[in-house]
Every structure is written in C-alpha cells, then in structure tokens.
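Peer 1: You'll find model_21.txt just under this line, and it carries compact mmCIF, C-alpha atoms.
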```
# COMPACT_ATOMS: atom_id res chain seq x y z
CA MET A 12 2.27 -9.11 -21.37
CA ILE A 13 4.65 -6.53 -22.91
CA ARG A 14 8.13 -7.97 -23.51
CA ALA A 15 11.47 -6.28 -24.10
CA GLN A 16 10.75 -5.99 -27.85
CA PHE A 17 8.04 -3.69 -27.13
CA LEU A 18 16.30 11.50 -27.55
CA ALA A 19 13.33 13.26 -28.28
CA GLY A 20 13.98 15.62 -25.31
CA ALA A 21 14.46 14.85 -21.67
CA THR A 22 11.71 17.10 -20.40
CA ALA A 23 8.25 16.08 -19.32
CA LEU A 24 5.47 16.09 -21.87
CA ALA A 25 2.58 17.44 -19.86
CA ALA A 26 -0.73 15.87 -20.81
CA GLY A 27 -3.09 18.71 -21.57
CA THR A 28 -6.19 16.86 -22.64
CA GLN A 29 -7.90 16.47 -19.29
CA VAL A 30 -9.19 19.99 -18.62
CA PRO A 31 -8.93 23.17 -20.68
CA GLN A 32 -8.61 25.34 -17.57
CA ILE A 33 -8.39 24.75 -13.84
CA ILE A 34 -10.64 26.94 -11.75
CA PRO A 35 -8.60 28.75 -9.06
CA TYR A 36 -8.42 26.97 -5.69
CA THR A 37 -9.62 23.68 -7.16
CA PRO A 38 -7.75 20.87 -5.34
CA THR A 39 -5.75 18.63 -7.66
CA PHE A 40 -4.26 15.16 -7.54
CA ARG A 41 -1.33 14.50 -9.85
CA PHE A 42 0.53 11.39 -10.96
CA SER A 43 2.99 10.60 -13.75
CA VAL A 44 3.20 8.09 -16.59
CA VAL A 45 6.59 6.97 -17.88
CA CYS A 46 6.52 5.00 -21.12
CA PRO A 47 7.71 5.16 -24.75
CA GLN A 48 5.91 7.84 -26.75
CA THR A 49 8.25 7.96 -29.73
CA GLY A 50 10.54 5.45 -31.39
CA PRO A 51 9.85 1.81 -32.26
CA ASP A 52 7.64 1.19 -29.22
CA GLY A 53 5.87 4.54 -29.23
CA ARG A 54 2.65 2.95 -30.47
CA LEU A 55 2.38 0.87 -27.29
CA GLY A 56 3.07 3.88 -25.12
CA GLN A 57 0.38 5.86 -26.89
CA GLN A 58 -2.07 3.05 -26.15
CA LEU A 59 -1.18 3.24 -22.46
CA LEU A 60 -1.65 7.03 -22.48
CA ALA A 61 -5.01 6.68 -24.22
CA GLY A 62 -6.17 4.38 -21.44
CA VAL A 63 -4.91 6.83 -18.82
CA ARG A 64 -6.72 9.73 -20.50
CA GLY A 65 -9.91 7.70 -20.82
CA ALA A 66 -9.95 6.98 -17.09
CA ILE A 67 -9.19 10.60 -16.21
CA ASP A 68 -11.98 11.80 -18.49
CA GLU A 69 -14.43 9.56 -16.66
CA ILE A 70 -13.19 10.49 -13.18
CA ASN A 71 -13.12 14.25 -13.75
CA ARG A 72 -16.45 14.28 -15.54
CA ASP A 73 -18.28 12.51 -12.71
CA ARG A 74 -16.33 13.71 -9.66
CA PRO A 75 -18.18 15.53 -6.84
CA SER A 76 -17.12 19.14 -6.46
CA TYR A 77 -15.36 18.41 -3.15
CA GLN A 78 -12.99 15.83 -4.72
CA SER A 79 -9.69 16.69 -6.34
CA LEU A 80 -9.28 17.13 -10.07
CA VAL A 81 -7.03 14.40 -11.46
CA LEU A 82 -4.05 15.47 -13.60
CA PHE A 83 -0.96 13.76 -14.94
CA ASN A 84 2.42 14.33 -16.55
CA ALA A 85 3.80 12.01 -19.22
CA TYR A 86 7.50 11.25 -19.75
CA ASP A 87 9.00 9.56 -22.80
CA ASP A 88 11.47 6.79 -21.88
CA HIS A 89 11.88 5.44 -25.47
CA ASN A 90 11.67 1.97 -23.90
CA THR A 91 15.41 2.01 -23.13
CA ALA A 92 16.92 1.52 -19.70
CA ALA A 93 19.14 4.60 -19.97
CA GLN A 94 16.33 6.98 -20.91
CA ALA A 95 13.97 5.34 -18.41
CA THR A 96 16.36 6.18 -15.60
CA VAL A 97 16.58 9.81 -16.73
CA GLN A 98 12.81 10.15 -17.04
CA ALA A 99 12.24 8.44 -13.69
CA ASP A 100 14.39 11.15 -12.11
CA PHE A 101 12.19 13.81 -13.71
CA ALA A 102 9.01 12.06 -12.57
CA THR A 103 10.17 11.69 -8.98
CA GLY A 104 11.51 15.23 -8.91
CA ALA A 105 8.06 16.76 -9.32
CA PRO A 106 7.03 17.32 -5.68
CA ASP A 107 3.28 17.09 -6.30
CA THR A 108 3.52 13.68 -8.03
CA LEU A 109 1.93 11.08 -5.75
CA ALA A 110 2.33 7.95 -7.92
CA VAL A 111 3.87 6.72 -11.17
CA ILE A 112 2.46 4.37 -13.81
CA GLY A 113 5.21 2.62 -15.79
CA HIS A 114 7.11 1.14 -17.57
CA LEU A 115 6.32 -1.10 -20.57
CA SER A 116 9.24 -3.54 -20.54
CA ALA A 117 11.06 -5.58 -17.94
CA ALA A 118 14.38 -3.88 -18.72
CA THR A 119 13.09 -0.34 -18.14
CA THR A 120 11.10 -1.31 -15.06
CA LEU A 121 13.98 -3.13 -13.42
CA ALA A 122 16.41 -0.31 -14.23
CA THR A 123 14.28 2.31 -12.46
CA GLN A 124 12.94 0.55 -9.38
CA GLN A 125 15.63 1.91 -7.09
CA VAL A 126 14.87 5.47 -8.24
CA TYR A 127 11.23 5.16 -7.20
CA ALA A 128 12.11 3.39 -3.97
CA ASN A 129 14.51 6.17 -3.00
CA ALA A 130 11.76 8.72 -3.65
CA GLN A 131 9.25 6.63 -1.65
CA LEU A 132 6.89 6.86 -4.62
CA PRO A 133 4.36 4.13 -5.46
CA LEU A 134 5.05 2.50 -8.84
CA ILE A 135 2.11 0.88 -10.61
CA VAL A 136 3.39 -1.63 -13.18
CA PRO A 137 0.71 -1.90 -15.87
CA THR A 138 1.92 -4.60 -18.26
CA VAL A 139 5.21 -6.28 -17.29
CA THR A 140 4.77 -9.89 -16.14
CA ASP A 141 8.43 -10.81 -15.49
CA ASP A 142 8.73 -12.41 -12.02
CA ARG A 143 11.82 -10.32 -11.22
CA VAL A 144 9.78 -7.12 -10.94
CA THR A 145 8.38 -8.17 -7.56
CA GLU A 146 11.18 -10.48 -6.41
CA ARG A 147 13.48 -7.67 -5.29
CA GLY A 148 11.47 -6.80 -2.19
CA TYR A 149 10.52 -3.20 -2.96
CA ARG A 150 7.43 -2.31 -0.95
CA ASN A 151 6.39 0.54 -3.24
CA VAL A 152 5.91 -1.63 -6.37
CA PHE A 153 2.47 -2.92 -7.37
CA ARG A 154 1.92 -5.06 -10.44
CA LEU A 155 -1.48 -5.33 -12.17
CA PRO A 156 -1.20 -8.31 -14.58
CA VAL A 157 -0.59 -11.85 -13.36
CA LYS A 158 3.12 -12.64 -13.11
CA ASP A 159 4.66 -15.34 -15.28
CA SER A 160 4.96 -18.11 -12.70
CA ASP A 161 1.40 -17.56 -11.48
CA GLU A 162 0.17 -17.69 -15.06
CA GLY A 163 1.93 -21.04 -15.46
CA GLY A 164 0.16 -22.36 -12.39
CA LEU A 165 -3.24 -21.21 -13.59
CA VAL A 166 -2.67 -22.76 -17.01
CA ALA A 167 -1.63 -26.04 -15.38
CA ALA A 168 -4.81 -26.12 -13.31
CA TYR A 169 -6.87 -25.49 -16.45
CA VAL A 170 -5.10 -28.16 -18.51
CA ILE A 171 -5.29 -30.83 -15.82
CA SER A 172 -8.84 -30.06 -14.69
CA SER A 173 -9.97 -30.32 -18.32
CA GLY A 174 -8.67 -33.85 -18.65
CA SER A 175 -4.93 -33.93 -19.38
CA LYS A 176 -2.98 -36.77 -17.77
CA ALA A 177 0.34 -36.26 -19.56
CA PRO A 178 0.86 -32.54 -20.30
CA HIS A 179 4.13 -31.27 -21.73
CA VAL A 180 5.19 -27.61 -21.42
CA VAL A 181 7.59 -26.11 -23.96
CA SER A 182 9.56 -22.89 -23.51
CA GLN A 183 12.55 -21.11 -25.00
CA ASP A 184 15.62 -19.69 -23.31
CA GLY A 185 14.41 -16.09 -23.49
CA PRO A 186 12.93 -13.53 -21.10
CA TYR A 187 9.38 -14.85 -21.38
CA GLY A 188 8.54 -18.51 -21.00
CA PRO A 189 10.90 -20.18 -18.50
CA ASP A 190 9.14 -18.75 -15.43
CA VAL A 191 5.77 -19.70 -16.89
CA ALA A 192 6.99 -23.24 -17.52
CA ALA A 193 8.42 -23.50 -14.00
CA GLY A 194 5.11 -22.36 -12.51
CA PHE A 195 3.29 -24.88 -14.69
CA LEU A 196 5.45 -27.78 -13.52
CA ARG A 197 5.14 -26.82 -9.85
CA ARG A 198 1.36 -26.64 -10.00
CA ALA A 199 1.12 -29.89 -11.95
CA GLY A 200 3.24 -31.62 -9.33
CA ALA A 201 1.01 -30.25 -6.58
CA MET A 202 -1.95 -31.77 -8.46
CA HIS A 203 -0.11 -35.13 -8.60
CA ILE A 204 0.45 -35.05 -12.34
CA ALA A 205 3.93 -35.89 -13.64
CA ALA A 206 4.22 -33.15 -16.25
CA VAL A 207 7.39 -32.80 -18.32
CA GLY A 208 9.09 -29.74 -19.82
CA THR A 209 11.29 -29.06 -22.83
CA GLN A 210 13.28 -25.90 -23.53
CA PHE A 211 14.94 -24.96 -26.82
CA SER A 212 16.87 -22.01 -28.20
CA LEU A 213 15.22 -18.66 -28.85
CA ASP A 214 17.96 -17.19 -31.02
CA ASN A 215 18.66 -20.35 -33.04
CA PRO A 216 15.51 -22.47 -32.84
CA VAL A 217 15.55 -25.96 -34.34
CA TYR A 218 11.87 -26.84 -34.44
CA GLU A 219 12.41 -30.36 -35.74
CA SER A 220 14.59 -31.26 -32.76
CA ALA A 221 12.26 -29.58 -30.29
CA ALA A 222 9.28 -31.43 -31.73
CA GLY A 223 11.13 -34.73 -31.48
CA ALA A 224 11.97 -34.08 -27.84
CA VAL A 225 8.35 -33.26 -27.06
CA LEU A 226 6.91 -36.29 -28.86
CA SER A 227 9.32 -38.66 -27.16
CA HIS A 228 7.26 -38.19 -23.99
CA GLU A 229 3.93 -39.01 -25.71
CA PRO A 230 2.01 -35.99 -24.37
CA ASP A 231 -1.77 -35.64 -24.55
CA CYS A 232 -1.50 -31.82 -24.36
CA VAL A 233 1.33 -29.53 -25.46
CA VAL A 234 1.53 -26.19 -23.64
CA LEU A 235 3.40 -23.45 -25.52
CA ALA A 236 4.92 -21.09 -22.95
CA GLY A 237 6.23 -18.29 -25.13
CA ASN A 238 5.39 -15.82 -27.88
CA ALA A 239 3.50 -16.66 -31.04
CA ASP A 240 6.07 -15.23 -33.45
CA ASP A 241 8.85 -17.30 -31.87
CA MET A 242 7.08 -20.56 -31.01
CA GLY A 243 4.24 -20.62 -33.53
CA PRO A 244 6.14 -22.70 -36.13
CA LEU A 245 6.41 -25.55 -33.63
CA ILE A 246 2.68 -26.21 -33.94
CA GLY A 247 2.91 -27.11 -37.62
CA VAL A 248 6.03 -29.23 -37.12
CA LEU A 249 4.37 -31.23 -34.36
CA ARG A 250 1.29 -31.82 -36.52
CA THR A 251 3.47 -32.92 -39.42
CA LYS A 252 5.17 -35.42 -37.13
CA GLY A 253 1.82 -36.95 -36.21
CA TYR A 254 0.82 -35.20 -33.00
CA THR A 255 -2.99 -35.23 -32.72
CA GLY A 256 -3.47 -33.95 -29.18
CA ARG A 257 -4.51 -30.49 -28.10
CA PHE A 258 -2.49 -27.30 -27.80
CA VAL A 259 -2.68 -24.63 -25.11
CA GLY A 260 -0.75 -21.38 -25.44
CA THR A 261 0.14 -18.83 -22.81
CA GLN A 262 -0.60 -15.11 -23.17
CA GLY A 263 2.19 -14.65 -25.71
CA PHE A 264 -0.17 -16.39 -28.13
CA PHE A 265 -3.06 -14.00 -27.42
CA ASP A 266 -1.82 -12.00 -30.36
CA ALA A 267 -2.94 -11.17 -33.90
CA ILE A 268 0.13 -13.05 -35.15
CA THR A 269 -1.46 -16.30 -34.00
CA LEU A 270 -4.49 -15.70 -36.21
CA LYS A 271 -2.58 -14.19 -39.11
CA GLU A 272 0.45 -16.46 -39.42
CA PHE A 273 -0.80 -19.76 -37.97
CA ALA A 274 -4.56 -19.67 -38.56
CA LYS A 275 -4.88 -23.21 -39.90
CA GLU A 276 -2.53 -24.88 -37.43
CA ALA A 277 -3.93 -22.90 -34.49
CA GLU A 278 -7.58 -23.87 -34.97
CA GLY A 279 -8.81 -25.12 -31.59
CA LEU A 280 -5.82 -23.69 -29.73
CA VAL A 281 -6.74 -22.39 -26.26
CA VAL A 282 -4.73 -19.40 -25.02
CA SER A 283 -4.56 -17.64 -21.69
CA ALA A 284 -4.85 -13.86 -21.53
CA ALA A 285 -4.54 -11.16 -18.90
CA VAL A 286 -7.55 -9.22 -20.19
CA PRO A 287 -11.16 -10.12 -19.40
CA TYR A 288 -13.96 -10.51 -21.89
CA TYR A 289 -15.83 -7.29 -21.21
CA PRO A 290 -19.32 -8.44 -22.30
CA MET A 291 -19.11 -10.91 -19.40
CA ALA A 292 -17.99 -8.24 -16.91
CA PRO A 293 -21.08 -6.10 -16.18
CA SER A 294 -19.27 -3.54 -14.02
CA THR A 295 -17.09 -2.50 -16.99
CA HIS A 296 -19.78 -1.88 -19.60
CA GLN A 297 -20.14 1.90 -19.20
CA TYR A 298 -16.39 2.46 -18.94
CA VAL A 299 -15.75 0.49 -22.13
CA GLN A 300 -18.52 2.20 -24.08
CA ASP A 301 -17.42 5.69 -23.07
CA TYR A 302 -13.81 4.91 -23.89
CA GLN A 303 -14.61 3.49 -27.31
CA VAL A 304 -16.64 6.56 -28.27
CA GLN A 305 -13.68 8.83 -27.53
CA TYR A 306 -10.61 6.73 -28.31
CA GLY A 307 -11.64 3.69 -30.35
CA ALA A 308 -10.79 0.09 -29.53
CA LEU A 309 -9.81 -0.63 -25.94
CA THR A 310 -6.54 -2.54 -26.40
CA PRO A 311 -5.05 -4.63 -23.57
CA VAL A 312 -2.35 -2.02 -22.94
CA ALA A 313 -4.93 0.78 -22.85
CA ALA A 314 -7.11 -1.25 -20.48
CA TYR A 315 -4.27 -1.60 -18.00
CA GLY A 316 -3.51 2.11 -18.24
CA TYR A 317 -7.16 2.78 -17.44
CA ALA A 318 -7.09 0.31 -14.53
CA ALA A 319 -3.91 1.85 -13.09
CA VAL A 320 -5.57 5.27 -12.88
CA GLN A 321 -8.65 3.79 -11.24
CA LEU A 322 -6.49 2.02 -8.67
CA ILE A 323 -4.57 5.18 -7.78
CA ARG A 324 -7.68 7.34 -7.59
CA ASN A 325 -9.72 4.83 -5.58
CA ALA A 326 -6.89 4.30 -3.09
CA ALA A 327 -6.50 8.04 -2.55
CA THR A 328 -10.24 8.59 -2.19
CA ARG A 329 -10.81 5.68 0.17
CA THR A 330 -7.97 6.56 2.56
CA ASN A 331 -7.65 10.32 2.04
CA ALA A 332 -4.00 9.80 1.15
CA THR A 333 -2.30 13.11 0.33
CA ASN A 334 1.39 12.20 0.22
CA ARG A 335 3.58 9.48 -1.26
CA LEU A 336 4.00 7.31 1.81
CA ALA A 337 0.28 7.46 2.50
CA MET A 338 -0.37 6.38 -1.10
CA ILE A 339 1.93 3.37 -0.72
CA ARG A 340 0.13 2.35 2.45
CA ALA A 341 -3.28 2.93 0.86
CA ILE A 342 -2.56 0.65 -2.09
CA ALA A 343 -0.82 -1.98 0.03
CA ASN A 344 -3.28 -2.08 2.92
CA GLY A 345 -6.47 -0.43 1.67
CA GLY A 346 -8.28 -3.64 0.81
CA SER A 347 -9.61 -4.55 -2.63
CA TYR A 348 -10.08 -2.07 -5.46
CA ASP A 349 -12.41 -2.46 -8.45
CA THR A 350 -11.03 -1.57 -11.88
CA ILE A 351 -11.82 -2.20 -15.52
CA THR A 352 -9.47 -5.21 -15.63
CA GLY A 353 -10.52 -6.81 -12.36
CA VAL A 354 -10.50 -6.50 -8.60
CA TYR A 355 -7.09 -5.92 -6.99
CA GLN A 356 -5.79 -6.59 -3.52
CA PHE A 357 -2.04 -6.81 -3.13
CA GLY A 358 0.18 -9.12 -1.17
CA PRO A 359 3.36 -8.00 0.63
CA ASN A 360 5.53 -8.45 -2.48
CA GLY A 361 3.32 -6.23 -4.66
CA ASP A 362 1.62 -8.95 -6.68
CA VAL A 363 -2.13 -9.29 -6.65
CA LEU A 364 -3.65 -11.76 -4.23
CA ASN A 365 -5.75 -14.45 -5.92
CA PRO A 366 -4.32 -13.87 -9.43
CA ASN A 367 -6.49 -14.70 -12.41
CA CYS A 368 -6.33 -15.08 -16.16
CA TYR A 369 -8.85 -15.73 -18.94
CA PHE A 370 -9.01 -18.44 -21.58
CA TYR A 371 -9.88 -17.91 -25.23
CA ARG A 372 -10.19 -20.54 -27.97
CA VAL A 373 -9.17 -20.00 -31.60
CA THR A 374 -12.32 -20.73 -33.60
CA ASP A 375 -12.72 -19.92 -37.30
CA GLY A 376 -9.82 -17.51 -37.20
CA LYS A 377 -11.00 -15.60 -34.12
CA PHE A 378 -10.46 -15.64 -30.37
CA SER A 379 -13.67 -16.82 -28.69
CA TYR A 380 -13.99 -16.40 -24.94
CA GLU A 381 -14.19 -19.64 -22.99
CA ARG A 382 -13.87 -18.97 -19.25
CA GLN A 383 -11.80 -17.47 -16.46
CA ALA A 384 -9.19 -19.47 -14.60
CA THR A 385 -10.75 -18.77 -11.20
CA ALA A 386 -14.43 -17.97 -10.76
CA THR A 387 -15.00 -14.47 -9.37
CA GLY A 388 -17.89 -12.06 -9.07
CA PHE A 389 -16.16 -9.76 -11.56
CA MET A 390 -17.07 -12.05 -14.49
CA LEU A 391 -20.34 -13.84 -15.20
CA LYS A 392 -18.40 -16.97 -16.20
```
I need this file expressed as structure tokens, please.

Peer 2:
Amino acid sequence: MIRAQFLAGATALAAGTQVPQIIPYTPTFRFSVVCPQTGPDGRLGQQLLAGVRGAIDEINRDRPSYQSLVLFNAYDDHNTAAQATVQADFATGAPDTLAVIGHLSAATTLATQQVYANAQLPLIVPTVTDDRVTERGYRNVFRLPVKDSDEGGLVAAYVISSGSKAPHVVSQDGPYGPDVAAGFLRRAGAMHIAAVGTQFSLDNPVYESAAGAVLSHEPDCVVLAGNADDMGPLIGVLRTKGYTGRFVGTQGFFDAITLKEFAKEAEGLVVSAAVPYYPMAPSTHQYVQDYQVQYGALTPVAAYGYAAVQLIRNAATRTNATNRLAMIRAIANGGSYDTITGVYQFGPNGDVLNPNCYFYRVTDGKFSYERQATATGFMLK
C-alpha cells in the first residue's frame, strides 16, 4: 500500500497521550512504533500513530482491572533506511518492548529486519506490500495487508470470474507492479485463461508505445498494476486509440489522484483495495465511530495502525505472552485474530492465510464499494 515515495533527534519520542498517570503497581504492556514523524513522509507516520493511539484508547478504556495497561514508544525513522536502522536499535534496546509496529516503506522495512530478528522481537508490518518483506524467511515478521503477488491473483480471479476471456495486465519496471502482474498471470493460467502482460518504463514512460503494445493483443480487459500518478495517463491514451473495453486497477489506483486527475477517463474503473468498506463490516462499527469522534477520518494507514495494536494485544491476552519469544509464538500459532481491517491468521512465512482484498468502482467521481474478493464472515458482502 505505502511505497518508497511515502535528523530530528535519534531519541525515542514517548507517546504520552494514553494515560495521564499510571497508578503504582499497575501491570503494563509496552510496544514500539517506528515510522516517519517528520520530513516529507511525516504525514503518513502521523496517520499510523493516530490509529495506534485510537486502538490504545479503546483498549485501556474498556480493559478489566486485572489486565495490563497498554503503552507505547514512538521512534522517528524519517522514512530513510539509515535512520530506520538507528531507530530500530533504540526500539529493540528497550527491554520492556514486546513488539514493534513498522515501517512505512519497503526500503526501511527491509533494512531493519535483521535488527529485529537478532533481538527476537516480533515485527508487525502495517502497510508494506512488497513480496520481499516475507521472502527472506524471518519467523518474527508478520504482514497485515495482502502482498503484491497475492493481490495480483485475487484481481485475476475477479476479472476472469466477471467475464473476461482475454485480459491484459500492464506494469512498469518499478518497485510496485511487477509482482502484482506476475501473480495475475499465474492465477489466470491456473484458471485456464491465456492472459498477456506488458511492462514499460517507470522513469521514462512512453504511453503511446505502451498503448500500442497492449492493443496489439486485442484485450477485453486492461488491468493496470501500478500507481495512479504513474500509470493513469495510459487510460486516456488507450481510449484515444479506440479501446472500448473495461479497466481494472490495483490498489495503487485506490487514491484521490485517480478521482482528481483522471475523473473522466476513470469512470467505471474498478480498483482493488486493502481496506474494507466499514458499513458492511458490523464488527468494526463501534471502533470506527469512537475513532472518528477523537481523531477524524479513519485513513487506510490509520486503520492498519489500529489493527496492528489489536493484533498484538489480542495475542498477548489469549496466550498470556509476557516476553518477546512468547509473543512471536502467540502471533504465529495463536489462531485467528479479529481486527478492524479483518481477521488474521498467519502462515509460516508471516503472510496472512486466506488473503483478501476489496473492490471499489469509480462512479460519478467517487469510489463506490462493490464486493470483497473472497467471501468471509467479516463483511456482509
């Protein structure tokens, strides 16, 4: 979801909004959040922290007196690999930290994984979808959103089950898109559909040439596996060249840029997204309402921050985990956990079993919810 585009001091910024004072002898449970809080990507980090605070507010307000008070420390990694490594050292160095939520880009997450593995500390990855995050074999890493290749497979199933016989997936040679396209083509092949793919340059895109390559295969559906700001212009070029079929975009198109920059061309576009449509998820209603009263709109990044806290807290409560290794085992083997963004049970590589995504259609300049990729009890449809 959050790509790579997404030194104010190397010390921890302790989050002091949870409780004004801790009553003596009250048991506590502490974790850390490592994300950008200042700099170009500070806005995204602040969204993650708002989601974390919202979940902690809810947990501490409703907790029985015998359960631990939840606290956290926040560390500013500026969304750079160098600072992320420094801040990861600080986070792991705090002996009472039982888990970490972070980071917000593939580069910072990949740069710090060894630090958390050495400290035997569970790392909850809230937004990064890059396949590499869980390909390295670390058993302490748990990713919440669907990874890129799984998203591609889910999109392929949607496209083919809704009638496409000749889909064509387009990607660019950047960090997001190729793994989605590869997953799409694998799933299409498994469904006995001969899908085709085209890739063109991210840094020097030639939309006319890319459109020509796509149209030479006479597709009935064009799947845009990339980000709206990079691939959006291709929609208009394809229409100008006479393409009349449908478009489907991956989660890089679930973005305000799609509606702002390509509103006319994108009408009818269906996009996948990692975030559910909360009115159709009854178990989330109270969480969402309480959060909005305190913090405003629940953004996708905030929602995953909220879900990460719920996962950590539920795992600790269910298994009575009180140390780092016990927390890793609890998350890995503790069964399924309900959160605001879905129900999570993890496979051995740290990705969620039975991954899911949600489809929205651009209608009259807005994203209108259509359905989920895989039917679950979490959503009404």

Peer 1: Name the residues in contact with region 337-351 of chain A at a cut-off of 9 Å, using all atoms listed in the file, excluding same-chain residues fewer than 4 positions from it; report them as number ranges by chain.

Peer 2: A: 109-110, 131-134, 150-153, 287, 289, 292, 294-296, 298-299, 314-315, 317-323, 325-327, 329-333, 355-359, 361, 389

Peer 1: Select, from A:Arg154, A:Arg382, A:Arg64, A:His203, the residue with the minimum atom-to-atom distance to Gly113 (chain A), counting only C-alpha atoms.

Peer 2: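 Among A:Arg154, A:Arg382, A:Arg64, A:His203, it is A:Arg154 that comes nearest to Gly113 (chain A).
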
Peer 1: Tell me which protein, DNA and RNA residues are within 7 Å of Gln262 (chain A), counting all atoms listed in the file, leaving out same-chain ones fewer than 2 positions away, and put them as an MDAnalysis selection string.

Peer 2: chainID A and resid 12 260 264:265 282:284

Peer 1: When distances are computed from only C-alpha atoms, which of A:Val281, A:Val286, A:Val181, A:Val233 shows the smallest separation from Gly208 (chain A)?

Peer 2: A:Val181

Peer 1: In Å to one decimal, how far is CA of Val207 (chain A) from CA of Val180 (chain A)?

Peer 2: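 That distance, rounded to one decimal, is 6.4 Å.
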
Peer 1: Pick the closest to Glu276 (chain A) from A:Val373, A:Tyr306, A:Tyr288, A:His89: which is it, counting all atoms listed in the file?

Peer 2: A:Val373

Peer 1: CA of Ile135 (chain A) and CA of Ile112 (chain A) are how many Å apart?

Peer 2: 4.7 Å

Peer 1: What's the 9 Å shell around Gly50 (chain A), counting all atoms listed in the file, without same-chain residues fewer than 2 positions away, as an MDAnalysis selection string?

Peer 2: chainID A and resid 19 47:48 52:54 89:90

Peer 1: Choose the residue, out of A:Asp87, A:Asp159, A:Glu69, A:Asp241, that has the smallest atom-to-atom separation from Gln300 (chain A); count only C-alpha atoms.

Peer 2: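 Nearest to Gln300 (chain A): A:Glu69.
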
Peer 1: What separation in Å, quoted to one decimal, exists between CA of Phe370 (chain A) and CA of Phe258 (chain A)?

Peer 2: 12.6 Å

Peer 1: Taking all atoms listed in the file into account, which of A:Asp100, A:Asp68, A:Glu162, A:Asp73 comes nearest Val45 (chain A)?

Peer 2: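 Under the stated criterion, the closest residue is A:Asp100.
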
Peer 1: Which of these, A:Pro75, A:Pro186, A:Gly163, A:Pro230, has the shortest distance to Asp214 (chain A) once you count only C-alpha atoms?

Peer 2: A:Pro186

Peer 1: Could the centre and edge lengths of an axis-aligned box, enclosing all atoms of region 348-352 of chain A in the file with 5 Å extra on each side, be given in Å to one decimal as JSON?

Peer 2:
```
{"center_x": -10.9, "center_y": -3.4, "center_z": -10.5, "size_x": 12.9, "size_y": 13.6, "size_z": 20.2}
```

Peer 1: Place a sphere of radius 10 Å on (-14.0, 18.7, -10.7) in the file coordinates and name every protein, DNA or RNA residue with an atom inside or on its surface, counting all atoms listed in the file; give the answer as a PyMOL selection string.

Peer 2: chain A and resi 30+33-34+37-39+70-81

Peer 1: For Asp266 (chain A), work out the shell of residues within 10 Å, counting all atoms listed in the file and skipping chain neighbours fewer than 5 positions away, then give it as a list in words.

Peer 2: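 Non-adjacent residues within range: Asn238, Ala239, Asp240, Lys271, Val282, Ala284 and Phe378 of chain A.
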